[in-house]
Amino acid sequence: MRPMSFGQGGPQQQWDPWKPNSQQPWSGGGSGESPDWAALADASEARAKRRRLLFIGGGALATVAIGTAVAVAVVSANGSDEASPGTSSQVPGATDVDIPSPTGAAPSFAPTSAPPPLDPKDFIASAKKDKAPLSPDILFPGTQLTMGEAVYKKGPTADTGNCASAAKSTLPKVLNDNDCTRLIRVTYTKDDMAVTVGVAVFDTEAQATRAKQQADKKSIVKSLSGGGVKDFCSGAVCRSTTNSYGRYAYFTIAGFTAGKDVTTKDTAVFATGDDLQEFTFRQIRRRGVAQASAAAEG
C-alpha cells in the first residue's frame with residue numbers, strides 16, 4: 001500500500017517545537033489550511049522562556065563559582081599567616097634560631113647607667129661641702145616677704161660668731177656644747193606683731209640635730225629690734241619654735257611690739273612664727289638645691 005501523504009488522511013506526525021525536523025502543524029501545499037497562529041505564538045514564547053531560564057541558571061552558577069574563587073583567595077591570603085587578637089605573630093621556632101650578626105659574632109655593648117641624682121641635703125649636711133656664700137641678706141633677701149596672703153616687712157639683721165651672745169636662757173649652753181660657729185638673725189614685722197629668726201650654723205648635721213634635741217621651752221633666741229622696730233619679747237610672754245635641717249638649727253620668737261603677752265588665742269602670732277619658720281627651711285634647702293645643681297653641671 002502506498003503510504004499516504006500529509007493532508008490526505010494519513011497519520012500526521014505531532015509537531016514538537018523542541019524536536020528537530022518535526023513537522024509544523026500546517027500543510028505546505030495548497031490544501032487551503034491557514035497556519036495555526038496561536039500555536040506558533042505559544043511555541044515562540046516557550047522557546048524564549050527556556051532561553052531565559054538557561055541564562056539565569058548559567059549566571060547563578062557563574063556567580064557561585066566566582067564567589068567560591070574569591071572566598072578561596074581570601075582564605076589563602078588571610079589564613080594561617082594572620083595573627084589573632086592578643087597573639088604575637090612570629091616565625092615558627094624563632095626562639096630556637098640564632099641569627100648571626102653581619103660580622104658573624106653576637107654584638108656586645110658595655111653596660112651603662114646614669115649616675116644617681118645628687119641629694120641637695122648632702123651639700124648642706126657639712127661645712128666641707130656647703131661652700132656657697134652665706135650672709136643675712138643672702139639667706140633673707142629683699143625688703144619684704146610674702147607668705148600666702150601675708151606680707152611681712154623686713155627689719156634689722158645681725159650676724160655674729162659668738163652664738164651664745166645672741167641667745168638667752170638655756171639656749172647659749174646648747175649652742176656652745178655643740179660648737180655653734182655662727183648665728184644669723186633677722187626680724188620681720190606685720191601690723192603690731194614682730195618675729196625674729198635666728199639661724200645657728202654648725203660644722204655637721206649631727207651637731208645641729210643634737211642642738212635641736214637638747215633645746216627646751218626656755219631655749220630662746222634674742223629678739224632683734226632697731227631700725228624702726230620697737231623692742232619686743234624682752235619681758236613679755238612670746239611664742240618660740242625650734243627646728244633643724246642639714247647643719248643648720250633655726251629658732252623663732254614672735255610677739256607683740258606693744259609688749260603684750262601672747263596667749264593661745266593669739267593665732268595671728270602663731271601664724272607669723274610658722275610662716276617665718278617655713279620660709280627659713282625653704283631658704284636653707286634652696287642652698288642645697290643650688291649647690292647640687294652646680295655640681296651636676298660641672
# chains A, B, ... in the order shown; residues from 1 in each chain; ligands from 1
>>> residues_around(residues="region 267-280 of chain A", least_positions_apart="2", cutoff="7 Å", atoms="only C-alpha atoms", output="PyMOL selection string")
chain A and resi 147+193+195+252-255+264-265+282-284
>>> select_by_dssp(residues="region 222-298 of chain A", states="strand (DSSP E)", output="PyMOL selection string")
chain A and resi 239-245+248-256
>>> select_by_dssp(residues="region 101-290 of chain A", states="helix (DSSP H, G or I)", output="PyMOL selection string")
chain A and resi 120-124+136-139+163-166+171-177+205-214+267-290
>>> closest_residue(among="A:Ala132, A:Ala125, A:Val151, A:Val186", to="Ala295 (chain A)", atoms="only C-alpha atoms")
A:Ala132
>>> closest_residue(among="A:Ala158, A:Val201, A:Ala127, A:Val237", to="Lys217 (chain A)", atoms="only C-alpha atoms")
A:Val237
>>> residues_around(residues="Pro136 (chain A)", least_positions_apart="3", cutoff="10 Å", atoms="only C-alpha atoms", output="PyMOL selection string")
chain A and resi 139-141+156-159+183-186+199
>>> write_last_selection(atoms="C-alpha atoms", output="compact mmCIF listing (two decimals), in the first residue's frame")
# COMPACT_ATOMS: atom_id res chain seq x y z
CA LEU A 139 69.58 83.91 103.39
CA PHE A 140 66.84 86.54 103.76
CA PRO A 141 66.90 88.70 100.60
CA PRO A 156 67.13 94.73 111.12
CA THR A 157 69.63 91.90 110.60
CA ALA A 158 72.63 90.69 112.63
CA ASP A 159 75.47 88.21 112.18
CA LEU A 183 74.35 82.87 114.43
CA ILE A 184 72.45 84.93 111.86
CA ARG A 185 69.32 86.88 112.88
CA VAL A 186 66.64 88.87 111.07
CA VAL A 199 69.87 80.56 112.27
>>> residues_around(residues="Ala294 (chain A)", least_positions_apart="6", cutoff="12 Å", atoms="only C-alpha atoms", output="JSON, numbers by chain")
{"A": [118, 120, 123, 131, 132, 287, 288]}
>>> atom_distance(atom1="CA of Tyr248 (chain A)", atom2="CA of Ser293 (chain A)")
20.2 Å
>>> residues_around(residues="Ala194 (chain A)", least_positions_apart="2", cutoff="10 Å", atoms="only C-alpha atoms", output="ChimeraX atom specification")
/A:152-155,187-192,196,223-225,229-233,253-258,269,272-273
>>> closest_residue(among="A:Asp216, A:Glu149, A:Asp203, A:Asp177", to="Lys128 (chain A)", atoms="only C-alpha atoms")
A:Asp203
>>> closest_residue(among="A:Ala166, A:Ile124, A:Leu175, A:Leu145", to="Glu205 (chain A)", atoms="only C-alpha atoms")
A:Ile124
>>> closest_residue(among="A:Ser169, A:Asn162, A:Val221, A:Tyr245", to="Arg285 (chain A)", atoms="only C-alpha atoms")
A:Tyr245
>>> closest_residue(among="A:Ala150, A:Ala292, A:Cys238, A:Ala206", to="Lys222 (chain A)", atoms="only C-alpha atoms")
A:Cys238
>>> residues_around(residues="Gln214 (chain A)", least_positions_apart="2", cutoff="10 Å", atoms="only C-alpha atoms", output="ChimeraX atom specification")
/A:170-171,173-175,177-178,208-212,216,219
>>> atom_distance(atom1="CA of Ser165 (chain A)", atom2="CA of Lys121 (chain A)")
28.6 Å
